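Single-structure report; data block below.
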Amino acid sequence: MCKSKKSTDVIRSTTSKSRNSRSSSIFDPSSSNPVSLTDSASYYKDNSRSSAISGRTSLSSLRDSLLPENPHIYDLSEIRLATNNFLLKPFSSSSSSTAWRCVIRGKDVVLFQRKFRCPIELPELQRRLLMICRSHHSSLIKLLGAGASGNYIYLVYEYNTGANLATCLRNPKNPNFTVLSSWLSRMQVATDLGHGLDYIHHCLDSNFVHNHITSSSVIVSEELMNAKICHFGTAELCGESVETKGASSSLTRADSKSMKIEGTRGYMAPELQAIGVATQKCDVYSFGVIILELLSGREALKYEFDDVNGTYKKVNVIDLAREAVGGGGGGVRRWVDRRLKDSFPVEVAEKMVVVGLECVEEDPVKRPDMGQVAVRISKLYLESKNWAERIGLPIDFSVSMAPR
């Protein structure tokens with residue numbers, strides 16, 4: 001009996017040490033034998049299997065580490081079933097991700113498939129997932145959980161009815177129509193985005209960077225025209241090059257040539273293009289571009305044919321805004337989206353242009369902090385409401401986003 005008990009203790013001790021060594025491993029998607037993040041705890045019955053989180057950590061230990069908020073950990077079989085083995089028509093698709101609208105565990109969700117960019121240590125990945133899933137803000141689309149397999153991570157976000165901001169401003173079926181047809185509706189969007197980004201930068205235990213702020217990554221709700229930020233947590237969970245507030249980067253322009261820079265043309269801050277490291281000031285830059293889009297209705301960046309030279313020229317909303325400000329009296333009024341039909345407070349519009357241009361300063365040091373921007377825009381929103389009340393315009397709005 002004593003000999004048998006001793007052998008059992010040895011086995012338990014060996015198993016415990018093995019588990020501890022596995023937990024400290026690095027999550028490397030380039031592993032020669034990557035499998036699903038959601039493999040069950042039966043892994044320990046077969047030493048030939050490995051988990052995609054660290055190559056060696058079980059689903060049960062990951063779930064335990066995420067309590068009490070406990071984000072959902074989705075099995076690859078669930079994801080395959082929800083997407084009809086990935087044959088379901090994508091909700092959206094780009095070079096960096098594919099998204100499906102589907103139902104998982106009885107919830108209407110949007111599922112994003114993205115590649116991991118670089119290895120992440122298991123404890124850090126767990127910390128980030130827990131932090132992101134427990135965040136709550138009315139201007140953020142909530143991350144419900146994640147799953148992984150091989151070099152891919154699957155991020156599951158709650159589905160919200162509405163349309164992205166780019167479509168709201170520039171309806172592809174009718175360029176002359178926009179659901180954001182009132183000045184207040186656009187100020188509402190700007191205010192929501194400002195507070196959402198301020199929350200991401202300052203109100204969590206860790207200083208996050210969004211790194212995907214574009215007019216296509218903002219959803220405008222159909223009922224009250226509130227704006228919600230998509231893709232919160234994507235940069236951190238995918239291992240993109242992100243520098244948090246107060247951190248320093250040793251990357252140089254030469255380093256950026258060998259790395260994949262994440263960003264969208266027209267929204268990328270100059271320093272992000274130069275060294276490939278996203279900071280909170282990069283988010284401020286992208287936000288500034290969106291402000292100028294909201295005011296003018298124009299695309300962040302487009303190419304227009306020049307009849308004189310017979311070539312295409314690059315036109316960006318930042319240069320157009322600077323020309324409007326420098327054009328003397330009435331420049332901003334003529335530049336603001338004509339579909340607003342001159343029904344807006346000109347002084348507030350001029351102040352909003354200034355805010356937008358400050359956010360897109362070439363030097364990141366000169367850009368304001370997102371908290372400061374959110375406060376300024378909130379004050380301008382209140383000024384806009386007072387203006388609307390004085391002239392008898394409706395304050396509340398509820399519209400249909402159906403094409404007209």
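Residue names in the structure tokens use chain letters A, B, ... in the order shown, residue numbers from 1 in each chain, and ligand numbers from 1 in the order shown.
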Could you pull out the strand (DSSP E or B) residues of stretch 100-349 of chain A, going by DSSP on the backbone, and write them as an MDAnalysis selection string? chainID A and resid 100:104 107:115 120:121 140 143:149 152:158 162:164 218:221 227:229 242 278 301:306 311:316
Find the residues near A:Ala388: any atom within 10 Å, counting only C-alpha atoms, skip ones fewer than 3 places away on the same chain, and give them as a PDB file with all heavy atoms, in the first residue's frame.
ATOM      1  N   TRP A 183     -27.360  68.397 -38.493  1.00  0.00           N
ATOM      2  CA  TRP A 183     -26.117  68.734 -37.791  1.00  0.00           C
ATOM      3  C   TRP A 183     -26.032  68.010 -36.450  1.00  0.00           C
ATOM      4  O   TRP A 183     -24.972  67.493 -36.076  1.00  0.00           O
ATOM      5  CB  TRP A 183     -26.046  70.234 -37.579  1.00  0.00           C
ATOM      6  CG  TRP A 183     -24.873  70.671 -36.746  1.00  0.00           C
ATOM      7  CD1 TRP A 183     -24.871  71.042 -35.435  1.00  0.00           C
ATOM      8  CD2 TRP A 183     -23.509  70.752 -37.178  1.00  0.00           C
ATOM      9  NE1 TRP A 183     -23.615  71.358 -35.017  1.00  0.00           N
ATOM     10  CE2 TRP A 183     -22.751  71.192 -36.065  1.00  0.00           C
ATOM     11  CE3 TRP A 183     -22.861  70.511 -38.392  1.00  0.00           C
ATOM     12  CZ2 TRP A 183     -21.377  71.385 -36.138  1.00  0.00           C
ATOM     13  CZ3 TRP A 183     -21.484  70.708 -38.459  1.00  0.00           C
ATOM     14  CH2 TRP A 183     -20.762  71.135 -37.339  1.00  0.00           C
ATOM     15  N   LEU A 184     -27.152  67.941 -35.740  1.00  0.00           N
ATOM     16  CA  LEU A 184     -27.134  67.287 -34.421  1.00  0.00           C
ATOM     17  C   LEU A 184     -26.801  65.808 -34.524  1.00  0.00           C
ATOM     18  O   LEU A 184     -26.148  65.254 -33.641  1.00  0.00           O
ATOM     19  CB  LEU A 184     -28.481  67.476 -33.719  1.00  0.00           C
ATOM     20  CG  LEU A 184     -28.644  68.734 -32.863  1.00  0.00           C
ATOM     21  CD1 LEU A 184     -29.990  68.721 -32.156  1.00  0.00           C
ATOM     22  CD2 LEU A 184     -27.521  68.860 -31.843  1.00  0.00           C
ATOM     23  N   SER A 343     -27.978  74.353 -42.653  1.00  0.00           N
ATOM     24  CA  SER A 343     -28.702  74.342 -41.383  1.00  0.00           C
ATOM     25  C   SER A 343     -27.782  73.826 -40.278  1.00  0.00           C
ATOM     26  O   SER A 343     -27.894  72.677 -39.827  1.00  0.00           O
ATOM     27  CB  SER A 343     -29.963  73.466 -41.492  1.00  0.00           C
ATOM     28  OG  SER A 343     -30.698  73.511 -40.281  1.00  0.00           O
ATOM     29  N   PHE A 344     -26.849  74.674 -39.881  1.00  0.00           N
ATOM     30  CA  PHE A 344     -25.920  74.321 -38.805  1.00  0.00           C
ATOM     31  C   PHE A 344     -25.329  75.605 -38.229  1.00  0.00           C
ATOM     32  O   PHE A 344     -25.273  76.636 -38.909  1.00  0.00           O
ATOM     33  CB  PHE A 344     -24.804  73.404 -39.319  1.00  0.00           C
ATOM     34  CG  PHE A 344     -23.985  73.999 -40.428  1.00  0.00           C
ATOM     35  CD1 PHE A 344     -22.868  74.785 -40.176  1.00  0.00           C
ATOM     36  CD2 PHE A 344     -24.345  73.782 -41.760  1.00  0.00           C
ATOM     37  CE1 PHE A 344     -22.125  75.339 -41.200  1.00  0.00           C
ATOM     38  CE2 PHE A 344     -23.603  74.330 -42.795  1.00  0.00           C
ATOM     39  CZ  PHE A 344     -22.495  75.115 -42.520  1.00  0.00           C
ATOM     40  N   PRO A 345     -24.909  75.563 -36.975  1.00  0.00           N
ATOM     41  CA  PRO A 345     -24.295  76.746 -36.356  1.00  0.00           C
ATOM     42  C   PRO A 345     -22.866  76.918 -36.874  1.00  0.00           C
ATOM     43  O   PRO A 345     -21.989  76.099 -36.580  1.00  0.00           O
ATOM     44  CB  PRO A 345     -24.321  76.425 -34.860  1.00  0.00           C
ATOM     45  CG  PRO A 345     -24.335  74.925 -34.801  1.00  0.00           C
ATOM     46  CD  PRO A 345     -25.055  74.451 -36.015  1.00  0.00           C
ATOM     47  N   LEU A 382     -23.409  70.456 -26.800  1.00  0.00           N
ATOM     48  CA  LEU A 382     -24.394  71.203 -26.010  1.00  0.00           C
ATOM     49  C   LEU A 382     -24.705  72.541 -26.673  1.00  0.00           C
ATOM     50  O   LEU A 382     -25.861  72.983 -26.689  1.00  0.00           O
ATOM     51  CB  LEU A 382     -23.877  71.407 -24.582  1.00  0.00           C
ATOM     52  CG  LEU A 382     -23.780  70.148 -23.716  1.00  0.00           C
ATOM     53  CD1 LEU A 382     -23.183  70.486 -22.349  1.00  0.00           C
ATOM     54  CD2 LEU A 382     -25.157  69.500 -23.539  1.00  0.00           C
ATOM     55  N   GLU A 383     -23.676  73.201 -27.211  1.00  0.00           N
ATOM     56  CA  GLU A 383     -23.917  74.445 -27.939  1.00  0.00           C
ATOM     57  C   GLU A 383     -24.819  74.197 -29.146  1.00  0.00           C
ATOM     58  O   GLU A 383     -25.698  75.022 -29.471  1.00  0.00           O
ATOM     59  CB  GLU A 383     -22.585  75.047 -28.403  1.00  0.00           C
ATOM     60  CG  GLU A 383     -21.736  75.646 -27.289  1.00  0.00           C
ATOM     61  CD  GLU A 383     -20.494  76.319 -27.825  1.00  0.00           C
ATOM     62  OE1 GLU A 383     -20.547  76.864 -28.952  1.00  0.00           O
ATOM     63  OE2 GLU A 383     -19.460  76.314 -27.119  1.00  0.00           O
ATOM     64  N   SER A 384     -24.628  73.080 -29.802  1.00  0.00           N
ATOM     65  CA  SER A 384     -25.448  72.737 -30.968  1.00  0.00           C
ATOM     66  C   SER A 384     -26.897  72.477 -30.566  1.00  0.00           C
ATOM     67  O   SER A 384     -27.828  72.870 -31.286  1.00  0.00           O
ATOM     68  CB  SER A 384     -24.867  71.502 -31.668  1.00  0.00           C
ATOM     69  OG  SER A 384     -23.558  71.733 -32.140  1.00  0.00           O
ATOM     70  N   LYS A 385     -27.092  71.813 -29.420  1.00  0.00           N
ATOM     71  CA  LYS A 385     -28.464  71.569 -28.946  1.00  0.00           C
ATOM     72  C   LYS A 385     -29.156  72.883 -28.601  1.00  0.00           C
ATOM     73  O   LYS A 385     -30.347  73.064 -28.913  1.00  0.00           O
ATOM     74  CB  LYS A 385     -28.444  70.638 -27.723  1.00  0.00           C
ATOM     75  CG  LYS A 385     -28.082  69.192 -28.050  1.00  0.00           C
ATOM     76  CD  LYS A 385     -28.212  68.283 -26.840  1.00  0.00           C
ATOM     77  CE  LYS A 385     -29.655  68.078 -26.448  1.00  0.00           C
ATOM     78  NZ  LYS A 385     -29.810  67.082 -25.363  1.00  0.00           N
ATOM     79  N   ILE A 391     -33.891  77.731 -32.687  1.00  0.00           N
ATOM     80  CA  ILE A 391     -34.537  77.881 -33.992  1.00  0.00           C
ATOM     81  C   ILE A 391     -35.656  76.867 -34.210  1.00  0.00           C
ATOM     82  O   ILE A 391     -36.215  76.781 -35.305  1.00  0.00           O
ATOM     83  CB  ILE A 391     -33.503  77.783 -35.136  1.00  0.00           C
ATOM     84  CG1 ILE A 391     -32.893  76.375 -35.185  1.00  0.00           C
ATOM     85  CG2 ILE A 391     -32.430  78.822 -34.975  1.00  0.00           C
ATOM     86  CD1 ILE A 391     -31.970  76.185 -36.385  1.00  0.00           C
ATOM     87  N   GLY A 392     -35.945  76.076 -33.158  1.00  0.00           N
ATOM     88  CA  GLY A 392     -37.093  75.179 -33.224  1.00  0.00           C
ATOM     89  C   GLY A 392     -36.876  73.883 -33.966  1.00  0.00           C
ATOM     90  O   GLY A 392     -37.840  73.279 -34.478  1.00  0.00           O
ATOM     91  N   LEU A 393     -35.638  73.390 -34.024  1.00  0.00           N
ATOM     92  CA  LEU A 393     -35.375  72.104 -34.668  1.00  0.00           C
ATOM     93  C   LEU A 393     -35.587  70.963 -33.684  1.00  0.00           C
ATOM     94  O   LEU A 393     -35.368  71.132 -32.474  1.00  0.00           O
ATOM     95  CB  LEU A 393     -33.935  72.050 -35.195  1.00  0.00           C
ATOM     96  CG  LEU A 393     -33.613  72.964 -36.382  1.00  0.00           C
ATOM     97  CD1 LEU A 393     -32.138  72.817 -36.755  1.00  0.00           C
ATOM     98  CD2 LEU A 393     -34.499  72.631 -37.577  1.00  0.00           C
ATOM     99  N   PRO A 394     -35.997  69.761 -34.159  1.00  0.00           N
ATOM    100  CA  PRO A 394     -36.176  68.615 -33.258  1.00  0.00           C
ATOM    101  C   PRO A 394     -34.842  68.164 -32.675  1.00  0.00           C
ATOM    102  O   PRO A 394     -33.823  68.137 -33.379  1.00  0.00           O
ATOM    103  CB  PRO A 394     -36.787  67.543 -34.160  1.00  0.00           C
ATOM    104  CG  PRO A 394     -36.385  67.935 -35.545  1.00  0.00           C
ATOM    105  CD  PRO A 394     -36.349  69.430 -35.545  1.00  0.00           C
ATOM    106  N   ILE A 395     -34.864  67.808 -31.400  1.00  0.00           N
ATOM    107  CA  ILE A 395     -33.644  67.373 -30.717  1.00  0.00           C
ATOM    108  C   ILE A 395     -33.438  65.873 -30.861  1.00  0.00           C
ATOM    109  O   ILE A 395     -32.330  65.389 -31.051  1.00  0.00           O
ATOM    110  CB  ILE A 395     -33.688  67.747 -29.224  1.00  0.00           C
ATOM    111  CG1 ILE A 395     -33.865  69.268 -29.077  1.00  0.00           C
ATOM    112  CG2 ILE A 395     -32.430  67.298 -28.508  1.00  0.00           C
ATOM    113  CD1 ILE A 395     -32.756  70.083 -29.680  1.00  0.00           C
TER     114      ILE A 395
END
So that I can see what lies close to stretch 196-204 of chain A, please list as a list in words the residues with an atom at most 9 Å from it, counting only C-alpha atoms and leaving out residues fewer than 5 positions away in the same chain.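 My list of contacting residues is Met131, Ile132, Ser135, His137, Ser138, Ser139, Leu140, Thr191, Val209, His210, Lys228, Ile229, Phe232, Thr244, Lys245, Gln280, Asp283, Val284, Phe287, Asp369, Met370, Gly371, Gln372, Val373 and Ala374 of chain A.
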Residues near A:Val346, cut-off 8 Å, only C-alpha atoms, skip fewer than 4 positions along chain, as a VMD selection string: chain A and resid 332 to 333 350
Can you tell me, as a short mmCIF file (atom, residue, chain, number, x, y, z; two decimals) with N, CA and C atoms, in the first residue's frame, which residues in stretch 101-157 of chain A count as helix (DSSP H, G or I) by DSSP?
data_model
loop_
_atom_site.label_atom_id
_atom_site.label_comp_id
_atom_site.auth_asym_id
_atom_site.auth_seq_id
_atom_site.Cartn_x
_atom_site.Cartn_y
_atom_site.Cartn_z
N LEU A 122 1.27 33.60 -22.80
CA LEU A 122 -0.04 33.17 -22.33
C LEU A 122 -0.61 34.07 -21.23
N PRO A 123 0.14 34.38 -20.16
CA PRO A 123 -0.44 35.24 -19.10
C PRO A 123 -0.89 36.59 -19.64
N GLU A 124 -0.11 37.15 -20.58
CA GLU A 124 -0.47 38.45 -21.15
C GLU A 124 -1.72 38.34 -22.00
N LEU A 125 -1.84 37.27 -22.78
CA LEU A 125 -3.04 37.08 -23.61
C LEU A 125 -4.28 36.93 -22.73
N GLN A 126 -4.15 36.18 -21.66
CA GLN A 126 -5.27 36.00 -20.72
C GLN A 126 -5.68 37.33 -20.09
N ARG A 127 -4.67 38.13 -19.72
CA ARG A 127 -4.95 39.41 -19.09
C ARG A 127 -5.70 40.32 -20.06
N ARG A 128 -5.26 40.35 -21.30
CA ARG A 128 -5.89 41.21 -22.29
C ARG A 128 -7.33 40.77 -22.59
N LEU A 129 -7.54 39.48 -22.77
CA LEU A 129 -8.88 38.98 -23.07
C LEU A 129 -9.83 39.29 -21.92
N LEU A 130 -9.37 39.09 -20.70
CA LEU A 130 -10.20 39.38 -19.54
C LEU A 130 -10.54 40.86 -19.45
N MET A 131 -9.56 41.72 -19.67
CA MET A 131 -9.76 43.15 -19.59
C MET A 131 -10.75 43.64 -20.65
N ILE A 132 -10.58 43.14 -21.87
CA ILE A 132 -11.42 43.60 -22.97
C ILE A 132 -12.86 43.13 -22.79
N CYS A 133 -13.04 41.88 -22.40
CA CYS A 133 -14.40 41.33 -22.28
C CYS A 133 -15.18 41.91 -21.10
#
Please provide as a ChimeraX atom specification all residues within 7 Å of A:Leu169, with the sequence filter that same-chain residues fewer than 5 positions apart are discarded (counting only C-alpha atoms). /A:178,180,297
For the residues in that selection, give me C-alpha atoms as a PDB file, in the first residue's frame.
ATOM      1  CA  THR A 178     -27.486  60.519 -46.083  1.00  0.00           C
ATOM      2  CA  LEU A 180     -26.978  61.863 -41.079  1.00  0.00           C
ATOM      3  CA  GLY A 297     -19.213  64.172 -45.959  1.00  0.00           C
TER       4      GLY A 297
END
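Between atom CA of A:Tyr157 and atom CA of A:Ile141 there is a distance of 6.8 Å.
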Can you measure atom CA of A:Asn151 to atom CA of A:Val103 for me? One decimal in Å is fine. 23.4 Å
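Omitting A:Cys282 and its sequence neighbours fewer than 6 positions away, and counting only C-alpha atoms, the residues within 9 Å are Val209, His210, Asn211, Tyr267, Met268, Ala269, Pro270, Glu271, Leu272, Val360 and Pro364 of chain A.
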Using only C-alpha atoms, the shortest atom-to-atom distance to A:Arg338 among A:Lys351, A:Arg298, A:Lys314, A:Arg367 belongs to A:Arg298
Identify which of the residues A:Asn316, A:Ser216, A:Ser182, A:Asn174 lies closest to A:Ser94, counting only C-alpha atoms when measuring atom-to-atom distances.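 Answer, going by the shortest atom-to-atom distance: A:Ser216.
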